[in-house]
$ cat input-v3.tsv   # TSV, C-alpha atoms
chain	number	residue	atom	x	y	z
X	191	MET	CA	91.65	107.92	96.47
X	192	ARG	CA	90.92	105.36	99.18
X	193	ASP	CA	92.75	102.05	99.12
X	194	ALA	CA	92.47	98.77	101.03
X	195	VAL	CA	95.55	97.28	102.68
X	196	ILE	CA	96.13	94.06	104.58
X	197	VAL	CA	97.84	94.93	107.83
X	198	ASP	CA	98.06	91.39	109.17
X	199	ALA	CA	96.79	87.87	108.53
X	200	VAL	CA	96.61	84.90	110.84
X	201	ARG	CA	95.34	81.35	110.73
X	202	THR	CA	95.00	78.34	112.94
X	203	PRO	CA	96.88	75.14	112.24
X	204	ILE	CA	94.78	73.01	109.89
X	205	GLY	CA	93.48	69.95	111.69
X	206	ARG	CA	92.77	66.56	110.16
X	207	ARG	CA	89.24	65.22	110.13
X	208	GLY	CA	88.76	63.80	113.61
X	209	GLY	CA	92.06	65.33	114.67
X	210	MET	CA	93.20	67.82	117.27
X	211	LEU	CA	90.59	70.49	116.48
X	212	LYS	CA	87.57	68.20	116.36
X	213	ASP	CA	86.37	69.21	119.82
X	214	VAL	CA	86.63	72.97	119.22
X	215	HIS	CA	83.35	74.70	118.41
X	216	PRO	CA	83.51	76.67	115.12
X	217	VAL	CA	82.35	79.85	116.87
X	218	ASP	CA	85.10	79.54	119.46
X	219	LEU	CA	87.78	78.82	116.85
X	220	SER	CA	86.63	81.88	114.92
X	221	ALA	CA	86.82	84.00	118.07
X	222	HIS	CA	90.33	82.70	118.67
X	223	VAL	CA	91.72	84.12	115.42
X	224	LEU	CA	89.79	87.38	115.84
X	225	LYS	CA	91.33	88.00	119.25
X	226	ALA	CA	94.80	86.98	118.09
X	227	LEU	CA	94.65	89.39	115.15
X	228	LEU	CA	93.96	92.38	117.39
X	229	SER	CA	96.37	91.30	120.10
X	230	ARG	CA	99.25	91.05	117.61
X	231	ASN	CA	98.58	94.58	116.41
X	232	GLY	CA	97.77	96.28	119.71
X	233	LEU	CA	94.28	97.34	118.66
X	234	GLU	CA	91.13	97.68	120.71
X	235	PRO	CA	88.01	95.86	119.43
X	236	GLU	CA	86.04	99.11	119.34
X	237	LEU	CA	87.95	100.07	116.18
X	238	ILE	CA	86.50	97.15	114.19
X	239	GLU	CA	83.46	98.19	112.15
X	240	ASP	CA	82.41	94.79	110.82
X	241	VAL	CA	83.42	91.13	110.63
X	242	ILE	CA	82.74	89.43	107.30
X	243	TRP	CA	83.01	85.69	107.70
X	244	GLY	CA	82.93	82.75	105.30
X	245	CYS	CA	81.38	79.40	106.16
X	246	VAL	CA	79.96	76.80	103.78
X	247	THR	CA	77.89	74.32	105.76
X	248	GLN	CA	75.79	76.81	107.71
X	249	ILE	CA	73.79	74.32	109.70
X	250	ALA	CA	73.90	72.90	113.23
X	251	GLU	CA	76.97	74.30	115.04
X	252	GLN	CA	77.77	76.52	112.06
X	253	SER	CA	74.29	78.01	111.79
X	254	SER	CA	72.87	81.28	113.09
X	255	ASN	CA	75.57	83.57	111.67
X	256	VAL	CA	78.98	82.34	112.81
X	257	GLY	CA	80.53	85.75	112.07
X	258	ARG	CA	78.31	87.57	114.54
X	259	LEU	CA	78.56	84.84	117.16
X	260	ALA	CA	82.36	84.89	116.89
X	261	VAL	CA	82.35	88.59	117.80
X	262	LEU	CA	80.32	87.81	120.92
X	263	ALA	CA	82.46	84.78	121.79
X	264	ALA	CA	85.55	86.97	121.55
X	265	GLY	CA	84.07	89.17	124.26
X	266	TRP	CA	84.01	92.20	121.97
X	267	PRO	CA	81.48	95.03	122.35
X	268	GLU	CA	77.98	94.14	121.21
X	269	MET	CA	77.99	97.12	118.86
X	270	ILE	CA	80.37	95.30	116.49
X	271	PRO	CA	78.36	93.47	113.82
X	272	GLY	CA	79.23	90.34	111.90
X	273	THR	CA	77.88	88.54	108.88
X	274	THR	CA	78.41	85.11	107.35
X	275	ILE	CA	78.54	84.42	103.62
X	276	ASP	CA	78.62	81.33	101.44
X	277	ARG	CA	80.32	81.22	98.07
X	278	ALA	CA	81.17	77.56	98.50
X	279	CYS	CA	84.92	76.89	98.84
X	280	GLY	CA	85.70	80.53	98.06
X	281	SER	CA	83.57	81.90	100.88
X	282	SER	CA	86.34	83.58	102.85
X	283	GLN	CA	88.11	84.78	99.72
X	284	GLN	CA	84.81	86.44	98.80
X	285	ALA	CA	84.65	87.83	102.34
X	286	ILE	CA	88.01	89.51	101.67
X	287	HIS	CA	86.67	90.94	98.41
X	288	PHE	CA	83.61	92.35	100.16
X	289	ALA	CA	85.74	93.78	102.96
X	290	ALA	CA	88.20	95.46	100.58
X	291	ALA	CA	85.36	96.85	98.46
X	292	GLY	CA	83.69	98.22	101.58
X	293	VAL	CA	86.88	99.94	102.65
X	294	VAL	CA	87.50	101.47	99.22
X	295	ALA	CA	83.87	102.60	99.00
X	296	GLY	CA	84.04	104.29	102.40
X	297	HIS	CA	81.68	101.95	104.20
X	298	TYR	CA	84.46	101.02	106.63
X	299	ASP	CA	87.85	102.26	107.71
X	300	ILE	CA	88.75	99.02	109.49
X	301	VAL	CA	87.19	95.60	108.95
X	302	ILE	CA	88.11	91.95	109.48
X	303	ALA	CA	87.49	89.26	106.88
X	304	GLY	CA	87.98	85.53	107.27
X	305	GLY	CA	86.23	82.24	107.68
X	306	VAL	CA	85.95	78.88	109.38
X	307	GLU	CA	84.93	75.29	108.82
X	308	ILE	CA	85.04	72.45	111.33
X	309	MET	CA	84.31	69.55	109.02
X	310	SER	CA	84.84	67.05	111.83
X	311	ARG	CA	81.77	68.44	113.62
X	312	VAL	CA	79.65	69.57	110.66
X	313	PRO	CA	80.47	67.15	107.82
X	314	LEU	CA	80.26	68.08	104.16
X	315	GLY	CA	76.83	67.15	102.86
X	316	THR	CA	75.01	67.67	106.17
X	317	ALA	CA	72.66	70.26	104.69
X	318	ARG	CA	72.05	68.19	101.56
X	319	SER	CA	70.90	65.26	103.67
X	320	MET	CA	67.91	67.38	104.66
X	321	GLY	CA	66.69	68.06	101.13
X	322	GLU	CA	67.54	68.41	97.45
X	323	PRO	CA	69.43	71.69	96.82
X	324	TYR	CA	69.27	71.86	93.03
X	325	GLY	CA	65.56	71.73	92.31
X	326	PRO	CA	63.85	70.43	89.18
X	327	LYS	CA	64.58	73.43	86.94
X	328	VAL	CA	68.37	73.27	87.41
X	329	LYS	CA	68.29	69.52	86.85
X	330	ALA	CA	66.19	69.98	83.72
X	331	ARG	CA	68.48	72.70	82.36
X	332	TYR	CA	71.56	70.48	82.58
X	333	ARG	CA	69.71	67.17	82.11
X	334	ARG	CA	71.29	65.74	85.24
X	335	ASP	CA	70.03	64.34	88.52
X	336	SER	CA	73.24	65.17	90.37
X	337	PHE	CA	76.38	67.32	90.23
X	338	SER	CA	79.69	65.87	91.43
X	339	GLN	CA	82.98	67.67	91.98
X	340	GLY	CA	84.77	64.34	91.84
X	341	GLU	CA	83.30	63.57	88.43
X	342	GLY	CA	84.26	67.08	87.37
X	343	ALA	CA	87.84	66.44	88.42
X	344	GLU	CA	87.86	63.24	86.39
X	345	ALA	CA	86.58	65.16	83.37
X	346	ILE	CA	89.31	67.79	83.75
X	347	ALA	CA	92.00	65.12	83.93
X	348	GLN	CA	90.69	63.55	80.75
X	349	ARG	CA	90.28	66.86	78.90
X	350	TRP	CA	93.80	68.07	79.67
X	351	GLY	CA	95.45	64.65	79.31
X	352	LEU	CA	96.55	64.39	82.93
X	353	SER	CA	97.52	60.83	83.82
X	354	ARG	CA	97.18	59.31	87.25
X	355	ARG	CA	100.96	59.26	87.47
X	356	ARG	CA	101.13	63.03	86.83
X	357	LEU	CA	98.42	63.71	89.40
X	358	ASP	CA	100.19	61.57	91.98
X	359	GLU	CA	103.50	63.29	91.28
X	360	PHE	CA	101.81	66.63	91.92
X	361	ALA	CA	100.25	65.31	95.15
X	362	LEU	CA	103.63	64.10	96.37
X	363	GLU	CA	105.17	67.46	95.51
X	364	SER	CA	102.47	69.21	97.54
X	365	HIS	CA	103.50	67.22	100.61
X	366	GLN	CA	107.19	67.79	99.94
X	367	ARG	CA	106.75	71.54	99.61
X	368	ALA	CA	104.60	71.70	102.74
X	369	ILE	CA	107.16	69.69	104.69
X	370	ALA	CA	109.98	71.98	103.56
X	371	ALA	CA	107.96	75.11	104.42
X	372	THR	CA	107.06	73.75	107.84
X	373	ASP	CA	110.60	72.69	108.68
X	374	ARG	CA	112.10	76.06	107.75
X	375	GLY	CA	109.52	77.90	109.87
X	376	ALA	CA	107.66	79.54	106.97
X	377	PHE	CA	104.34	79.24	108.82
X	378	ASP	CA	105.51	80.12	112.32
X	379	ASP	CA	104.63	83.83	112.13
X	380	GLN	CA	101.15	83.26	110.73
X	381	ILE	CA	99.87	80.32	112.78
X	382	VAL	CA	98.00	81.07	115.99
X	383	PRO	CA	98.43	77.99	118.20
X	384	VAL	CA	95.25	76.44	119.59
X	385	THR	CA	95.14	74.94	123.07
X	386	VAL	CA	92.95	71.84	123.29
X	387	GLY	CA	92.84	70.32	126.73
X	388	ASP	CA	96.44	69.86	127.86
X	389	GLU	CA	97.87	70.04	124.34
X	390	VAL	CA	98.80	72.94	122.09
X	391	VAL	CA	98.33	72.51	118.35
X	392	ARG	CA	101.02	74.43	116.48
X	393	ARG	CA	101.40	72.73	113.10
X	394	ASP	CA	99.22	71.55	110.24
X	395	GLU	CA	98.23	67.95	110.92
X	396	GLY	CA	97.56	66.66	107.43
X	397	ILE	CA	101.11	66.51	106.07
X	398	ARG	CA	102.22	62.95	105.40
X	399	ARG	CA	105.99	62.74	105.67
X	400	ASP	CA	106.03	59.07	104.71
X	401	THR	CA	103.96	59.28	101.54
X	402	SER	CA	105.42	58.14	98.23
X	403	LEU	CA	104.40	57.51	94.64
X	404	GLU	CA	104.14	53.82	95.49
X	405	LYS	CA	101.74	54.47	98.35
X	406	LEU	CA	99.68	56.86	96.25
X	407	ALA	CA	99.53	54.34	93.40
X	408	ALA	CA	98.00	51.77	95.76
X	409	LEU	CA	94.96	53.92	96.57
X	410	LYS	CA	91.62	53.02	95.02
X	411	PRO	CA	89.93	55.51	92.65
X	412	ALA	CA	87.11	57.33	94.42
X	413	PHE	CA	84.68	58.30	91.66
X	414	ALA	CA	85.13	55.85	88.78
X	415	GLU	CA	86.39	52.28	88.71
X	416	THR	CA	89.08	53.14	86.17
X	417	GLY	CA	89.40	56.77	87.27
X	418	VAL	CA	92.46	58.77	88.30
X	419	ILE	CA	91.11	60.69	91.31
X	420	HIS	CA	91.58	59.19	94.77
X	421	ALA	CA	91.99	60.29	98.38
X	422	GLY	CA	95.70	60.94	97.92
X	423	ASN	CA	95.48	63.43	95.05
X	424	ALA	CA	92.46	65.32	96.37
X	425	SER	CA	92.17	67.83	99.20
X	426	GLN	CA	91.80	66.54	102.73
X	427	ILE	CA	88.67	67.02	104.84
X	428	SER	CA	89.83	69.39	107.54
X	429	ASP	CA	89.21	71.88	110.34
X	430	GLY	CA	90.54	75.44	110.51
X	431	ALA	CA	90.04	79.20	110.46
X	432	GLY	CA	91.82	82.31	109.21
X	433	ALA	CA	91.38	86.08	109.46
X	434	LEU	CA	92.80	89.22	107.82
X	435	LEU	CA	92.87	92.78	109.16
X	436	ILE	CA	91.93	95.19	106.35
X	437	MET	CA	91.84	98.99	106.47
X	438	THR	CA	92.72	102.09	104.48
X	439	GLY	CA	96.38	102.93	104.10
X	440	GLU	CA	95.70	106.27	105.75
X	441	ARG	CA	94.18	104.61	108.83
X	442	ALA	CA	97.13	102.25	109.06
X	443	ARG	CA	99.52	105.20	109.11
X	444	GLU	CA	97.48	106.96	111.78
X	445	LEU	CA	97.66	103.84	113.95
X	446	GLY	CA	101.37	103.33	113.34
X	447	LEU	CA	100.81	100.02	111.56
X	448	ARG	CA	102.86	98.76	108.63
X	449	PRO	CA	100.72	96.94	106.03
X	450	LEU	CA	101.87	93.73	104.41
X	451	ALA	CA	100.12	94.24	101.09
X	452	ARG	CA	97.60	96.24	99.12
X	453	TYR	CA	94.47	94.73	97.67
X	454	HIS	CA	95.29	95.37	94.02
X	455	SER	CA	92.33	93.87	92.13
X	456	GLY	CA	89.80	91.07	92.25
X	457	THR	CA	87.05	89.34	90.33
X	458	VAL	CA	84.62	86.45	90.48
X	459	VAL	CA	83.26	84.47	87.52
X	460	GLY	CA	80.90	81.65	86.75
X	461	ASP	CA	81.67	78.71	84.45
X	462	ASP	CA	80.26	75.29	83.57
X	463	PRO	CA	78.53	73.93	86.72
X	464	VAL	CA	78.79	70.33	85.54
X	465	THR	CA	82.57	70.16	85.23
X	466	MET	CA	82.36	72.69	88.06
X	467	LEU	CA	86.09	73.19	88.75
X	468	THR	CA	87.42	75.07	85.71
X	469	ALA	CA	86.41	78.63	86.64
X	470	PRO	CA	89.86	79.59	88.04
X	471	ILE	CA	91.05	79.71	84.42
X	472	PRO	CA	88.64	82.41	83.12
X	473	ALA	CA	88.80	84.16	86.51
X	474	THR	CA	92.56	84.52	86.18
X	475	GLN	CA	92.31	85.63	82.57
X	476	ARG	CA	89.75	88.31	83.40
X	477	LEU	CA	91.70	89.51	86.42
X	478	LEU	CA	94.97	89.85	84.54
X	479	LYS	CA	93.22	91.87	81.84
X	480	ARG	CA	91.55	94.06	84.46
X	481	SER	CA	94.74	94.60	86.44
X	482	GLY	CA	96.98	95.41	83.47
X	483	LEU	CA	99.45	92.74	84.60
X	484	SER	CA	100.72	89.68	82.76
X	485	ILE	CA	101.13	86.16	84.12
X	486	GLY	CA	104.89	86.76	84.17
X	487	ASP	CA	104.47	89.75	86.49
X	488	ILE	CA	103.08	87.52	89.24
X	489	GLY	CA	105.73	86.12	91.56
X	490	ALA	CA	103.58	83.68	93.53
X	491	PHE	CA	100.28	81.89	92.96
X	492	GLU	CA	97.93	80.17	95.38
X	493	VAL	CA	95.64	77.89	93.37
X	494	ASN	CA	93.57	75.79	95.72
X	495	GLU	CA	94.28	72.10	95.40
X	496	ALA	CA	90.71	70.85	95.64
X	497	PHE	CA	91.79	68.06	93.27
X	498	ALA	CA	95.18	67.75	91.56
X	499	PRO	CA	93.79	68.32	88.03
X	500	VAL	CA	92.48	71.78	88.98
X	501	PRO	CA	95.82	73.60	89.46
X	502	LEU	CA	97.53	71.53	86.76
X	503	ALA	CA	94.92	72.43	84.11
X	504	TRP	CA	95.06	76.05	85.31
X	505	GLU	CA	98.84	76.03	84.91
X	506	ILE	CA	98.61	74.66	81.36
X	507	GLU	CA	96.04	77.25	80.29
X	508	THR	CA	97.68	80.28	81.92
X	509	GLY	CA	101.30	79.44	81.23
X	510	ALA	CA	102.24	80.14	84.85
X	511	GLU	CA	105.67	79.02	86.00
X	512	HIS	CA	105.31	75.78	87.94
X	513	ALA	CA	107.77	76.76	90.66
X	514	ARG	CA	105.68	79.82	91.52
X	515	MET	CA	102.44	77.88	91.97
X	516	ASN	CA	101.68	76.74	95.52
X	517	PRO	CA	105.33	77.08	96.60
X	518	LEU	CA	104.44	76.08	100.18
X	519	GLY	CA	102.35	73.06	99.22
X	520	GLY	CA	98.58	73.09	99.22
X	521	ALA	CA	95.33	71.50	100.30
X	522	ILE	CA	96.37	68.04	99.16
X	523	ALA	CA	99.04	68.16	101.86
X	524	VAL	CA	97.51	70.30	104.60
X	525	GLY	CA	93.76	70.15	104.00
X	526	HIS	CA	90.83	72.26	102.84
X	527	PRO	CA	88.52	73.51	105.61
X	528	LEU	CA	86.02	74.89	103.07
X	529	GLY	CA	84.79	78.23	104.44
X	530	GLY	CA	88.17	78.97	106.02
X	531	SER	CA	90.34	78.08	103.04
X	532	GLY	CA	90.20	81.40	101.17
X	533	ALA	CA	91.47	83.30	104.21
X	534	ILE	CA	94.01	80.59	105.03
X	535	LEU	CA	95.41	80.63	101.50
X	536	MET	CA	95.63	84.41	101.49
X	537	THR	CA	97.37	84.36	104.86
X	538	ARG	CA	99.93	81.95	103.42
X	539	LEU	CA	100.27	84.06	100.28
X	540	VAL	CA	100.75	87.46	101.92
X	541	HIS	CA	103.36	86.15	104.38
X	542	HIS	CA	105.21	84.34	101.58
X	543	MET	CA	105.23	87.54	99.50
X	544	ARG	CA	106.83	89.37	102.41
X	545	ASP	CA	109.36	86.64	103.15
X	546	ALA	CA	110.37	86.04	99.52
X	547	GLY	CA	110.25	89.66	98.34
X	548	VAL	CA	107.48	88.96	95.84
X	549	ARG	CA	105.79	92.10	94.53
X	550	TYR	CA	102.58	90.61	93.11
X	551	GLY	CA	100.72	87.52	94.25
X	552	LEU	CA	97.59	85.95	92.77
X	553	GLN	CA	95.11	83.65	94.47
X	554	THR	CA	92.27	81.71	92.88
X	555	MET	CA	90.11	78.78	93.86
X	556	CYS	CA	87.38	76.67	92.31
X	557	GLU	CA	83.96	76.76	93.92
X	558	ALA	CA	80.93	74.50	93.82
X	559	GLY	CA	78.39	75.53	91.23
X	560	GLY	CA	81.12	76.35	88.72
X	561	MET	CA	82.51	79.61	90.12
X	562	ALA	CA	85.88	81.06	91.09
X	563	ASN	CA	87.27	84.10	92.83
X	564	ALA	CA	90.63	85.56	91.84
X	565	THR	CA	92.62	88.20	93.71
X	566	ILE	CA	95.88	90.05	93.12
X	567	LEU	CA	97.82	91.52	96.03
X	568	GLU	CA	100.75	93.94	95.85
X	569	ARG	CA	103.38	93.72	98.56
X	570	LEU	CA	104.08	96.86	100.58
X	571	GLY	CA	106.72	97.77	103.09
X	572	ASP	CA	109.97	98.23	101.16
$ encode --input "input-v3.tsv" --output "structure tokens"
Amino acid sequence: MRDAVIVDAVRTPIGRRGGMLKDVHPVDLSAHVLKALLSRNGLEPELIEDVIWGCVTQIAEQSSNVGRLAVLAAGWPEMIPGTTIDRACGSSQQAIHFAAAGVVAGHYDIVIAGGVEIMSRVPLGTARSMGEPYGPKVKARYRRDSFSQGEGAEAIAQRWGLSRRRLDEFALESHQRAIAATDRGAFDDQIVPVTVGDEVVRRDEGIRRDTSLEKLAALKPAFAETGVIHAGNASQISDGAGALLIMTGERARELGLRPLARYHSGTVVGDDPVTMLTAPIPATQRLLKRSGLSIGDIGAFEVNEAFAPVPLAWEIETGAEHARMNPLGGAIAVGHPLGGSGAILMTRLVHHMRDAGVRYGLQTMCEAGGMANATILERLGD
């Protein structure tokens, strides 16, 4: 039977909004990780059969099929196609699912999946400013004029009894874990430095080494006057890209490549679009049942930190061990470049699994519209 393995995974440093990557075009940043992925593995572009790319705000500089344009910007042969998909924040995780499914089904032997978002250049909400996305029938069904992730995060905090203090403690821990991972070089082998002018960006820009519970407590709530969600316990607006090289195990052996992990299983679910951010819980439950594994079998979890209540509620409902969840920090510390985040998280996960000797890793992330992808990887190479 055919399988799908991840041979390598790379990402750019994650840039702050208006930071070091703000002047890099999303197509060019995408091309940068594509080229780096092949260079690291000594492969010629002609071997790549497709590029499946995630991007959320597909307008302006991110319009016209970033995945295809990235192939051309990389200087690869015109025969190599590319496509761009949008499953909100999970776009590049869904790209990985599509790529793995295509490999297993025999549509490809070798494919690249990943994604990009330069939120400094194409801000969140740009497309919405041009028209109403929901339409009257969706509004009528849910008896709402608007849908807000921030309000959803507030609702989750209230439902699961998560105080502002607990959310801020989690936010601080995210920074502390990211600092520790950075300082011990945990990201060095996965980050592809980006040259901007005379400077080279090598590290994630969003980490705040001087943050504290006192500083977080001083921040004003963002969505409700007496709310618990603020800029410090929510993900940062960011720029970045990531890419994974996926192929059959047989093809990897023929090319003399040693895979990092096997795509074990995956799923995607829908949930309440009003609260919007709870779908990682049923996605994880379905995936564990489908995989035949238990929560205790998983040695590392990447649960995207869109807002602090999301992973904390997920942890309560799944019973996952806290130390195994986001062990390298998360989007609260380093940022969340939307369409690139799924690939960036999986890059972090697969390298951590290798470095820590973790057999199974699980990734899940909430997505606008009340959806979530969930993926289990199995480490290879022992």
$ closest_atom_pairs --input "input-v3.tsv" --of "segment 427-458 of chain X" --to "segment 236-256 of chain X" --cutoff "12 Å" --atoms "all atoms listed in the file" --output "Markdown table"
| residue | atom | partner | partner_atom | distance |
| --- | --- | --- | --- | --- |
| X:Asp429 | CA | X:Cys245 | CA | 11.6 |
| X:Gly430 | CA | X:Cys245 | CA | 10.9 |
| X:Ala431 | CA | X:Gly244 | CA | 9.5 |
| X:Gly432 | CA | X:Trp243 | CA | 9.6 |
| X:Ala433 | CA | X:Trp243 | CA | 8.6 |
| X:Leu434 | CA | X:Val241 | CA | 10.0 |
| X:Leu435 | CA | X:Ile238 | CA | 9.2 |
| X:Ile436 | CA | X:Ile238 | CA | 9.7 |
| X:Met437 | CA | X:Ile238 | CA | 9.6 |
| X:Arg441 | CA | X:Leu237 | CA | 10.7 |
| X:Ala442 | CA | X:Leu237 | CA | 11.8 |
| X:Leu445 | CA | X:Leu237 | CA | 10.7 |
$ closest_residue --input "input-v3.tsv" --among "X:Asn516, X:Gln284, X:Asn494, X:Ser484" --to "His542 of chain X" --atoms "all atoms listed in the file"
X:Asn516
$ closest_residue --input "input-v3.tsv" --among "X:Phe360, X:Glu492, X:Arg476, X:Glu505" --to "Met543 of chain X" --atoms "all atoms listed in the file"
X:Glu492
$ residues_around --input "input-v3.tsv" --residues "Glu404 of chain X" --least-positions-apart "6" --cutoff "12 Å" --atoms "only C-alpha atoms" --output "VMD selection string"
chain X and resid 355 358 to 359 362 422
$ write_last_selection --input "input-v3.tsv" --atoms "C-alpha atoms" --output "mmCIF file, in the coordinates of the input"
data_model
loop_
_atom_site.group_PDB
_atom_site.id
_atom_site.type_symbol
_atom_site.label_atom_id
_atom_site.label_comp_id
_atom_site.auth_asym_id
_atom_site.auth_seq_id
_atom_site.Cartn_x
_atom_site.Cartn_y
_atom_site.Cartn_z
ATOM 1 C CA ARG X 355 100.960 59.260 87.470
ATOM 2 C CA ASP X 358 100.190 61.570 91.980
ATOM 3 C CA GLU X 359 103.500 63.290 91.280
ATOM 4 C CA LEU X 362 103.630 64.100 96.370
ATOM 5 C CA GLY X 422 95.700 60.940 97.920
#
$ closest_residue --input "input-v3.tsv" --among "X:Glu507, X:Asp213, X:Asp400, X:Glu307" --to "Pro472 of chain X" --atoms "only C-alpha atoms"
X:Glu507
$ atom_distance --input "input-v3.tsv" --atom1 "atom CA of Arg514 of chain X" --atom2 "atom CA of Leu450 of chain X"
19.3 Å
$ closest_residue --input "input-v3.tsv" --among "X:Asn231, X:Ser319, X:Thr385, X:Thr465" --to "Ala199 of chain X" --atoms "all atoms listed in the file"
X:Asn231
$ closest_residue --input "input-v3.tsv" --among "X:Gly315, X:Pro501, X:Gly304, X:Gly208" --to "Ala533 of chain X" --atoms "all atoms listed in the file"
X:Gly304
$ axis_aligned_box --input "input-v3.tsv" --around "segment 534-537 of chain X" --padding-each-side "4 Å" --output "JSON"
{"center_x": 95.7, "center_y": 82.5, "center_z": 103.3, "size_x": 11.4, "size_y": 11.8, "size_z": 11.5}
$ atom_distance --input "input-v3.tsv" --atom1 "atom CA of Trp504 of chain X" --atom2 "atom CA of Ser428 of chain X"
23.8 Å
$ atom_distance --input "input-v3.tsv" --atom1 "atom CA of Gln553 of chain X" --atom2 "atom CA of Glu444 of chain X"
29.1 Å
$ residues_around --input "input-v3.tsv" --residues "Ala469 of chain X" --least-positions-apart "4" --cutoff "8 Å" --atoms "all atoms listed in the file" --output "VMD selection string"
chain X and resid 459 to 462 473 556 to 557 560 to 562
$ write_last_selection --input "input-v3.tsv" --atoms "C-alpha atoms" --output "PDB file, in the coordinates of the input"
ATOM      1  CA  VAL X 459      83.260  84.470  87.520  1.00  0.00           C
ATOM      2  CA  GLY X 460      80.900  81.650  86.750  1.00  0.00           C
ATOM      3  CA  ASP X 461      81.670  78.710  84.450  1.00  0.00           C
ATOM      4  CA  ASP X 462      80.260  75.290  83.570  1.00  0.00           C
ATOM      5  CA  ALA X 473      88.800  84.160  86.510  1.00  0.00           C
ATOM      6  CA  CYS X 556      87.380  76.670  92.310  1.00  0.00           C
ATOM      7  CA  GLU X 557      83.960  76.760  93.920  1.00  0.00           C
ATOM      8  CA  GLY X 560      81.120  76.350  88.720  1.00  0.00           C
ATOM      9  CA  MET X 561      82.510  79.610  90.120  1.00  0.00           C
ATOM     10  CA  ALA X 562      85.880  81.060  91.090  1.00  0.00           C
TER      11      ALA X 562
END
$ residues_near_point --input "input-v3.tsv" --point "(92.3, 77.7, 124.6)" --cutoff "10 Å" --atoms "all atoms listed in the file" --output "list in words"
Val214, Asp218, Leu219, His222, Pro383, Val384, Thr385, Val386, Gly387, Asp388, Glu389 and Val390 of chain X
$ residues_around --input "input-v3.tsv" --residues "Arg349 of chain X" --least-positions-apart "6" --cutoff "12 Å" --atoms "all atoms listed in the file" --output "number ranges by chain"
X: 342-343, 465, 468, 499-500, 502-503, 506-507
$ build_atoms --input "input-v3.tsv" --residues "segment 287-298 of chain X" --atoms "N, CA and C atoms" --output "compact mmCIF listing (two decimals), in the frame of the given file"
# COMPACT_ATOMS: atom_id res chain seq x y z
N HIS X 287 87.09 90.03 99.47
CA HIS X 287 86.67 90.94 98.41
C HIS X 287 85.64 91.95 98.91
N PHE X 288 84.64 91.45 99.63
CA PHE X 288 83.61 92.35 100.16
C PHE X 288 84.21 93.35 101.14
N ALA X 289 85.12 92.89 101.98
CA ALA X 289 85.74 93.78 102.96
C ALA X 289 86.55 94.87 102.27
N ALA X 290 87.38 94.48 101.29
CA ALA X 290 88.20 95.46 100.58
C ALA X 290 87.32 96.45 99.82
N ALA X 291 86.26 95.95 99.19
CA ALA X 291 85.36 96.85 98.46
C ALA X 291 84.69 97.83 99.41
N GLY X 292 84.31 97.34 100.60
CA GLY X 292 83.69 98.22 101.58
C GLY X 292 84.63 99.30 102.07
N VAL X 293 85.90 98.96 102.22
CA VAL X 293 86.88 99.94 102.65
C VAL X 293 87.10 100.99 101.56
N VAL X 294 87.27 100.54 100.33
CA VAL X 294 87.50 101.47 99.22
C VAL X 294 86.29 102.38 99.02
N ALA X 295 85.09 101.82 99.20
CA ALA X 295 83.87 102.60 99.00
C ALA X 295 83.57 103.57 100.15
N GLY X 296 84.28 103.41 101.26
CA GLY X 296 84.04 104.29 102.40
C GLY X 296 83.03 103.77 103.39
N HIS X 297 82.61 102.52 103.23
CA HIS X 297 81.68 101.95 104.20
C HIS X 297 82.38 101.63 105.52
N TYR X 298 83.66 101.33 105.44
CA TYR X 298 84.46 101.02 106.63
C TYR X 298 85.81 101.72 106.51
